[in-house]
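Student: This is the structure I have questions about; it appears just below.
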Amino acid sequence: MEFSTLATPPLITHTDYLTLNYRPDLQLLVLRWLRDASLSEMQIGHQEALHLARQHAATQWFIDVRRRLLVEHTHTSWVINEFLPQAATLLQAPLRVAYLMSPHRQRTIDSQPELQAIFARAHVPTLPYRMESFMNEAEAIEWLLDK
């Protein structure tokens, strides 16, 4: 088979805390956090994701946070209140974000009123993005692809 007839391979970036790739077959940006990350690492990882998304006009994002055990208020607030609105504006299209969570992470969020309030703000209908949380990867991908 000639090289020119092969499907475009996913583009991958990997650090010790994040794997980032673009799936051209699904037009999907995939972030998989490999461990808990500092605020700085998280900001760098999200900015790299935004850079890759802008290259491919990717507005469907799958974010796997199952390996991140800590749920930090400052991290969560930065993503929901600052980063995602900025990313949606720069992409100039509605952004859909599916978070794949562990049961432990979801219980932590559900048990802390401050975290519940932050996540509630992510579901305001006037935001330039839509965010949902899932415990099942197939359901998350299905939601993203069901435009």
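Following the order of the structure tokens, first chain is A, next is B, and so on, with residues numbered from 1 inside each chain and ligands from 1 in the order they appear.
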Need to verify the contact set: A:Ser40, 12 Å, only C-alpha atoms, exclusion of same-chain residues closer than 5 positions in sequence. Can you return it as a ChimeraX atom specification?

Tutor: /A:17,45-47,74-75,78

Student: Can you list, as an NGL selection string, every protein, DNA or RNA residue that comes within 12 Å of A:Ala49 when you count only C-alpha atoms, leaving out same-chain residues fewer than 5 positions away?

Tutor: :A and (11-14 or 18-22 or 28-33 or 42-44 or 54-63 or 83-84 or 87 or 91)

Student: For A:Asn136, which residue out of A:Leu100, A:Val79, A:Ile109, A:Ala122 is the nearest one, using only C-alpha atoms?

Tutor: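 Of the candidates, the smallest distance to A:Asn136 is held by A:Leu100.
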
Student: Assign secondary structure with DSSP using the backbone only, and return the residues of chain A in strand (DSSP E or B) as a PyMOL selection string.

Tutor: chain A and resi 11-14+18-23+28-33+60-64+95-100+129-134

Student: Tell me, in Å to one decimal, how far atom CA of A:Leu145 is from atom CA of A:Ile118.

Tutor: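 Computing it gives 25.5 Å between the two atoms.
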
Student: For A:Glu137, which residue among A:Glu41, A:Asp64, A:Glu114, A:Glu82 is the nearest when counting only C-alpha atoms?

Tutor: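 The answer is A:Asp64, which sits nearest to A:Glu137.
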
Student: Can you tell me, as a VMD selection string, what residues are no more than 7 Å from stretch 123-130 of chain A when counting only C-alpha atoms, ignoring any on the same chain fewer than 6 positions away?

Tutor: chain A and resid 84 to 85 88 94 to 97

Student: DSSP on the backbone: what in chain A comes out alpha helix (DSSP H), as a PyMOL selection string?

Tutor: chain A and resi 39-56+73-77+84-91+103-111+113-121+137-145
